[in-house]
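Enquirer: So here's entry.csv, just CSV, C-alpha atoms and all ligand atoms:
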chain,number,residue,atom,x,y,z
A,1,PRO,CA,-3.2,-7.5,74.1
A,2,ARG,CA,-1.1,-9.0,76.9
A,3,PRO,CA,2.6,-8.3,77.1
A,4,ILE,CA,5.4,-10.8,77.7
A,5,LEU,CA,8.4,-9.2,79.4
A,6,LEU,CA,11.7,-11.0,78.9
A,7,THR,CA,14.8,-10.3,80.9
A,8,ARG,CA,18.0,-11.9,82.0
A,9,HIS,CA,18.8,-12.0,85.7
A,10,GLY,CA,20.8,-9.1,87.1
A,11,GLU,CA,24.6,-9.4,86.7
A,12,SER,CA,25.9,-12.4,88.7
A,13,LEU,CA,29.2,-12.9,90.4
A,14,ASP,CA,30.0,-15.5,87.6
A,15,ASN,CA,29.2,-12.9,85.0
A,16,VAL,CA,31.8,-10.6,86.6
A,17,ARG,CA,34.4,-13.4,86.7
A,18,GLY,CA,33.5,-14.5,83.1
A,19,ARG,CA,32.5,-18.0,84.2
A,20,ILE,CA,29.7,-19.9,82.5
A,21,GLY,CA,27.0,-21.9,84.2
A,22,GLY,CA,27.2,-22.2,88.0
A,23,ASP,CA,24.6,-21.0,90.5
A,24,SER,CA,26.1,-17.8,91.8
A,25,VAL,CA,24.3,-14.9,93.5
A,26,ILE,CA,24.0,-11.5,91.9
A,27,SER,CA,26.5,-8.6,92.2
A,28,ASP,CA,25.8,-5.2,93.7
A,29,SER,CA,25.0,-4.0,90.2
A,30,GLY,CA,22.7,-7.0,89.7
A,31,GLU,CA,20.9,-6.1,92.9
A,32,LEU,CA,20.4,-2.5,91.6
A,33,TYR,CA,18.9,-3.9,88.5
A,34,ALA,CA,16.6,-6.1,90.5
A,35,LYS,CA,15.2,-3.0,92.3
A,36,LYS,CA,14.8,-1.1,89.0
A,37,LEU,CA,13.1,-4.1,87.5
A,38,ALA,CA,10.7,-4.3,90.4
A,39,ASN,CA,9.8,-0.7,90.1
A,40,PHE,CA,9.2,-1.0,86.4
A,41,VAL,CA,7.1,-4.1,86.7
A,42,GLU,CA,5.0,-2.7,89.5
A,43,LYS,CA,4.2,0.4,87.4
A,44,ARG,CA,3.8,-1.4,84.0
A,45,LEU,CA,1.5,-4.1,85.5
A,46,LYS,CA,-0.3,-2.0,88.0
A,47,ASN,CA,-3.8,-3.1,87.1
A,48,GLU,CA,-2.9,-6.5,85.9
A,49,ARG,CA,-4.0,-8.6,88.9
A,50,ALA,CA,-3.5,-11.9,87.1
A,51,ALA,CA,0.0,-11.3,86.0
A,52,SER,CA,2.8,-13.6,87.1
A,53,ILE,CA,6.6,-13.8,87.4
A,54,TRP,CA,8.4,-16.8,86.0
A,55,THR,CA,12.0,-17.6,86.9
A,56,SER,CA,14.4,-20.5,86.5
A,57,THR,CA,15.4,-22.6,89.6
A,58,LEU,CA,18.8,-20.9,89.8
A,59,GLN,CA,19.6,-18.3,92.5
A,60,ARG,CA,20.4,-15.5,90.2
A,61,THR,CA,16.9,-15.3,88.6
A,62,ILE,CA,15.1,-15.9,92.0
A,63,LEU,CA,17.2,-13.1,93.6
A,64,THR,CA,16.4,-10.8,90.6
A,65,ALA,CA,12.7,-11.5,91.1
A,66,SER,CA,12.8,-11.1,94.9
A,67,PRO,CA,12.1,-7.3,95.1
A,68,ILE,CA,9.0,-7.6,93.0
A,69,VAL,CA,5.9,-7.8,95.3
A,70,GLY,CA,2.3,-8.4,94.6
A,71,PHE,CA,2.5,-11.1,91.9
A,72,PRO,CA,2.8,-14.9,92.1
A,73,LYS,CA,6.2,-16.3,91.2
A,74,ILE,CA,6.7,-19.6,89.5
A,75,GLN,CA,10.0,-21.5,89.1
A,76,TRP,CA,10.6,-23.5,86.0
A,77,ARG,CA,13.5,-25.9,85.6
A,78,ALA,CA,12.9,-25.6,81.9
A,79,LEU,CA,14.0,-21.9,82.2
A,80,ASP,CA,17.4,-22.9,83.7
A,81,GLU,CA,20.5,-21.8,81.7
A,82,ILE,CA,22.0,-24.1,79.0
A,83,ASN,CA,23.8,-26.9,80.8
A,84,ALA,CA,27.5,-26.6,79.9
A,85,GLY,CA,28.2,-30.1,81.2
A,86,VAL,CA,32.0,-30.7,81.8
A,87,CYS,CA,32.6,-27.0,81.0
A,88,ASP,CA,30.3,-25.7,83.8
A,89,GLY,CA,32.2,-23.1,85.8
A,90,MET,CA,34.9,-22.5,83.3
A,91,THR,CA,35.8,-19.3,81.4
A,92,TYR,CA,35.8,-19.3,77.6
A,93,GLU,CA,39.6,-18.8,77.7
A,94,GLU,CA,39.9,-22.0,79.9
A,95,ILE,CA,37.8,-24.0,77.5
A,96,LYS,CA,39.9,-22.7,74.5
A,97,LYS,CA,43.1,-23.6,76.3
A,98,ASN,CA,42.2,-27.0,78.0
A,99,MET,CA,39.7,-28.3,75.5
A,100,PRO,CA,40.6,-26.8,72.1
A,101,GLU,CA,38.6,-29.4,70.1
A,102,GLU,CA,35.4,-28.6,72.0
A,103,TYR,CA,36.0,-24.9,71.6
A,104,GLU,CA,36.4,-25.3,67.9
A,105,SER,CA,33.4,-27.6,67.3
A,106,ARG,CA,31.2,-25.2,69.2
A,107,LYS,CA,32.5,-22.3,67.2
A,108,LYS,CA,31.7,-24.2,64.0
A,109,ASP,CA,28.2,-25.1,64.9
A,110,LYS,CA,27.0,-23.4,68.0
A,111,LEU,CA,23.4,-24.4,67.4
A,112,ARG,CA,24.0,-28.1,67.3
A,113,TYR,CA,27.1,-28.4,69.5
A,114,ARG,CA,26.3,-30.3,72.7
A,115,TYR,CA,28.7,-29.8,75.7
A,116,PRO,CA,29.9,-33.2,76.9
A,117,ARG,CA,27.4,-34.3,79.5
A,118,GLY,CA,25.5,-31.1,78.9
A,119,GLU,CA,23.2,-29.5,76.3
A,120,SER,CA,23.1,-27.9,72.9
A,121,TYR,CA,21.0,-24.9,71.8
A,122,LEU,CA,18.7,-27.4,70.1
A,123,ASP,CA,18.3,-29.3,73.4
A,124,VAL,CA,17.3,-26.0,75.1
A,125,ILE,CA,14.8,-25.2,72.3
A,126,GLN,CA,13.2,-28.6,72.8
A,127,ARG,CA,12.9,-28.4,76.6
A,128,LEU,CA,11.3,-24.9,76.2
A,129,GLU,CA,8.3,-26.3,74.4
A,130,PRO,CA,6.1,-26.7,77.6
A,131,VAL,CA,7.0,-23.2,78.6
A,132,ILE,CA,6.0,-21.8,75.2
A,133,ILE,CA,2.7,-23.7,75.3
A,134,GLU,CA,1.9,-22.3,78.7
A,135,LEU,CA,3.0,-18.7,77.7
A,136,GLU,CA,0.7,-18.9,74.7
A,137,ARG,CA,-2.2,-20.1,76.9
A,138,GLN,CA,-1.8,-17.2,79.3
A,139,ARG,CA,-4.3,-14.4,79.1
A,140,ALA,CA,-2.5,-12.2,81.6
A,141,PRO,CA,1.0,-10.7,81.3
A,142,VAL,CA,4.0,-12.7,82.2
A,143,VAL,CA,7.5,-11.6,83.3
A,144,VAL,CA,10.1,-14.2,82.3
A,145,ILE,CA,13.4,-13.8,84.3
A,146,SER,CA,15.8,-16.3,82.8
A,147,HIS,CA,19.2,-16.7,81.1
A,148,GLN,CA,21.0,-15.6,78.0
A,149,ALA,CA,20.8,-18.9,76.0
A,150,VAL,CA,17.3,-19.6,77.0
A,151,LEU,CA,16.0,-16.1,76.3
A,152,ARG,CA,17.7,-16.2,72.8
A,153,ALA,CA,15.5,-19.3,72.1
A,154,LEU,CA,12.3,-17.8,73.5
A,155,TYR,CA,12.8,-14.5,71.8
A,156,ALA,CA,13.5,-16.2,68.5
A,157,TYR,CA,10.3,-18.1,68.8
A,158,PHE,CA,8.1,-15.0,69.4
A,159,ALA,CA,10.0,-12.7,67.0
A,160,ASP,CA,10.0,-15.5,64.3
A,161,ARG,CA,13.8,-15.5,63.9
A,162,PRO,CA,15.4,-18.4,62.0
A,163,LEU,CA,16.8,-21.3,64.0
A,164,LYS,CA,20.4,-20.7,62.8
A,165,GLU,CA,20.4,-17.2,64.3
A,166,VAL,CA,19.3,-18.3,67.8
A,167,PRO,CA,22.8,-18.7,69.4
A,168,HIS,CA,24.0,-15.3,68.1
A,169,ILE,CA,21.1,-13.1,69.1
A,170,GLU,CA,22.1,-10.2,71.2
A,171,MET,CA,20.6,-10.5,74.7
A,172,PRO,CA,22.1,-7.7,76.9
A,173,LEU,CA,22.0,-7.7,80.7
A,174,HIS,CA,19.8,-5.2,82.5
A,175,THR,CA,17.4,-4.7,79.6
A,176,ILE,CA,13.7,-5.7,79.3
A,177,ILE,CA,12.3,-6.9,76.0
A,178,GLU,CA,8.5,-6.4,75.9
A,179,ILE,CA,6.7,-8.5,73.4
A,180,GLN,CA,3.1,-7.7,72.5
A,181,MET,CA,1.1,-10.3,70.5
A,182,GLY,CA,-1.7,-8.6,68.7
A,183,VAL,CA,-3.9,-9.5,65.7
A,184,THR,CA,-1.5,-7.7,63.4
A,185,GLY,CA,1.5,-9.7,64.6
A,186,VAL,CA,4.2,-9.2,67.1
A,187,GLN,CA,5.4,-5.8,68.4
A,188,GLU,CA,8.5,-5.3,70.4
A,189,LYS,CA,9.8,-2.6,72.8
A,190,ARG,CA,13.1,-2.5,74.7
A,191,TYR,CA,13.8,-0.8,78.0
A,192,LYS,CA,17.4,-0.5,79.0
A,193,LEU,CA,17.2,0.1,82.8
A,194,MET,CA,20.9,0.7,83.4
B,1,LIG,O1,26.5,-19.7,80.3
B,1,LIG,C1,26.0,-19.6,79.2
B,1,LIG,C2,25.8,-18.4,78.4
B,1,LIG,O2,24.9,-17.5,78.9
B,1,LIG,C3,25.4,-18.8,77.0
B,1,LIG,O3,26.2,-18.0,76.2
B,1,LIG,O4,25.9,-19.7,74.4
B,1,LIG,O5,27.0,-17.5,73.9
B,1,LIG,O6,28.2,-19.3,75.2
B,1,LIG,P1,26.8,-18.7,74.8
What does this structure look like when you write it as structure tokens?
Ligand code: G3H
Expert:
Amino acid sequence: PRPILLTRHGESLDNVRGRIGGDSVISDSGELYAKKLANFVEKRLKNERAASIWTSTLQRTILTASPIVGFPKIQWRALDEINAGVCDGMTYEEIKKNMPEEYESRKKDKLRYRYPRGESYLDVIQRLEPVIIELERQRAPVVVISHQAVLRALYAYFADRPLKEVPHIEMPLHTIIEIQMGVTGVQEKRYKLM
């Protein structure tokens, strides 16, 4: 059985400021996580010569992957964070204050709500299809370093969680979710590295 390791990027400067979207670098704490993750991956996948590391095209996932050596890295645009459109770079407080109708419609139906000029969770789920097909085709382990909304969708797919739960799944920073697909079904382990 081959594991799939899912993790968010290390804490970013936008995470610290409470801003969504953007393309910021990682914080000192995010860099520490990147080192711990590299350590973990190198031990966990020691004899897995065909394993690979998949990131999004955003700096915070690429930087989180950068201390990992010895495995090929692949960047997927489909792993980029949900596009918050006109709300990109804002805090939730700012959205609530400046665009109260948007804030309320998202609260009412977070799964279907589409940011103006951006995406909904349903859009994200749809664009992940090629990634899921490729993940299922892989015979070797894959480490997926991506973002909160995207990982909620990927996790829900493998853990067989209902669509309506996707936007609300807890996806903490600095934690690895290991998914093993065996004949008896899916097994899951979590490693909280900090
Ligand atoms: O920047 C986007 C967030 O990671 C997604 O979180 O869908 O709970 O607002 P949210």
Enquirer: Using all atoms listed in the file, determine which residues fall within 10 Å of ligand LIG 1 (chain B), then list them as an MDAnalysis selection string.
Expert: chainID A and resid 8 14:15 18:22 81:84 87:92 106:107 110:111 120:121 146:152 166:171
Enquirer: List every residue of region 56-115 of chain A that has an atom at most 6 Å from any atom of region 28-43 of chain A, giving for each one its closest atom pair and the distance in Å to one decimal, counting only C-alpha atoms, sorted by chain and then by ascending residue number, as CSV.
Expert:
residue,atom,partner,partner_atom,distance
A:Thr64,CA,A:Ala34,CA,4.7
A:Pro67,CA,A:Ala38,CA,5.7
A:Ile68,CA,A:Ala38,CA,4.5
Enquirer: Would you mind exporting C-alpha atoms of the selected residues as an mmCIF file, keeping the file's coordinate frame?
Expert:
data_model
loop_
_atom_site.group_PDB
_atom_site.id
_atom_site.type_symbol
_atom_site.label_atom_id
_atom_site.label_comp_id
_atom_site.auth_asym_id
_atom_site.auth_seq_id
_atom_site.Cartn_x
_atom_site.Cartn_y
_atom_site.Cartn_z
ATOM 1 C CA THR A 64 16.400 -10.800 90.600
ATOM 2 C CA PRO A 67 12.100 -7.300 95.100
ATOM 3 C CA ILE A 68 9.000 -7.600 93.000
#
Enquirer: In file coordinates, which residues lie within 8 Å of (4.0, -17.4, 90.9) using only C-alpha atoms, given as a list in words?
Expert: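 Residues lying no farther than 8 Å from the given point: Ser52, Ile53, Trp54, Phe71, Pro72, Lys73, Ile74 and Gln75 of chain A.
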Enquirer: At what distance in Å, to one decimal, does CA of Pro162 (chain A) lie from CA of Arg60 (chain A)?
Expert: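 Those two atoms sit 28.8 Å apart.
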Enquirer: Which residues, written as a ChimeraX atom specification, have at least one atom at most 12 Å from Leu135 (chain A), with all atoms listed in the file counted and residues fewer than 4 positions away on the same chain left out?
Expert: /A:2-6,51-54,128-131,139-144,154,157-158,179,181
Enquirer: So how far away is CA of Ser12 (chain A) from CA of Gly118 (chain A), in Å?
Expert: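 Computing the Euclidean distance for CA of Gly118 (chain A) and CA of Ser12 (chain A) yields 21.1 Å.
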Enquirer: For a test of reading the model, state the distance in Å between CA of Glu136 (chain A) and CA of Thr61 (chain A), rounded to one decimal.
Expert: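 Computed distance, CA of Glu136 (chain A) to CA of Thr61 (chain A), equals 21.6 Å.
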Enquirer: Choose the residue, out of A:Ser105, A:Ser27, A:Asn47, A:Gln59, that has the smallest atom-to-atom separation from Ile145 (chain A); count only C-alpha atoms.
Expert: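 Checking each of A:Ser105, A:Ser27, A:Asn47, A:Gln59 against Ile145 (chain A), counting only C-alpha atoms, the winner is A:Gln59.
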Enquirer: Here is a test: counting only C-alpha atoms, which residue of A:Ile177, A:Val16, A:Met194, A:Ala78 is nearest to Arg127 (chain A)?
Expert: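 Closest residue, counting only C-alpha atoms: A:Ala78.
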Enquirer: Considering all atoms listed in the file, can you say which of A:Ser66, A:Gln138, A:Ile125, A:Glu178 comes closest to Ala156 (chain A)?
Expert: A:Ile125
Enquirer: Counting only C-alpha atoms, which residue out of A:Pro100, A:Arg117, A:Ile26, A:His9 sits closest to Leu79 (chain A)?
Expert: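 Result for the nearest residue to Leu79 (chain A): A:His9.
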Enquirer: Give the answer as one residue: which of A:Gly70, A:Gly85, A:Pro172, A:Pro116 has the shortest atom-to-atom distance to Gly10 (chain A), using only C-alpha atoms?
Expert: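 That would be A:Pro172, the residue with the smallest distance to Gly10 (chain A).
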Enquirer: Compare A:Lys192, A:Lys96, A:Lys108, A:Arg114 by their minimum atom-to-atom distance to Ile176 (chain A), counting only C-alpha atoms, and give me the closest one.
Expert: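 For Ile176 (chain A), the nearest of the given residues is A:Lys192.
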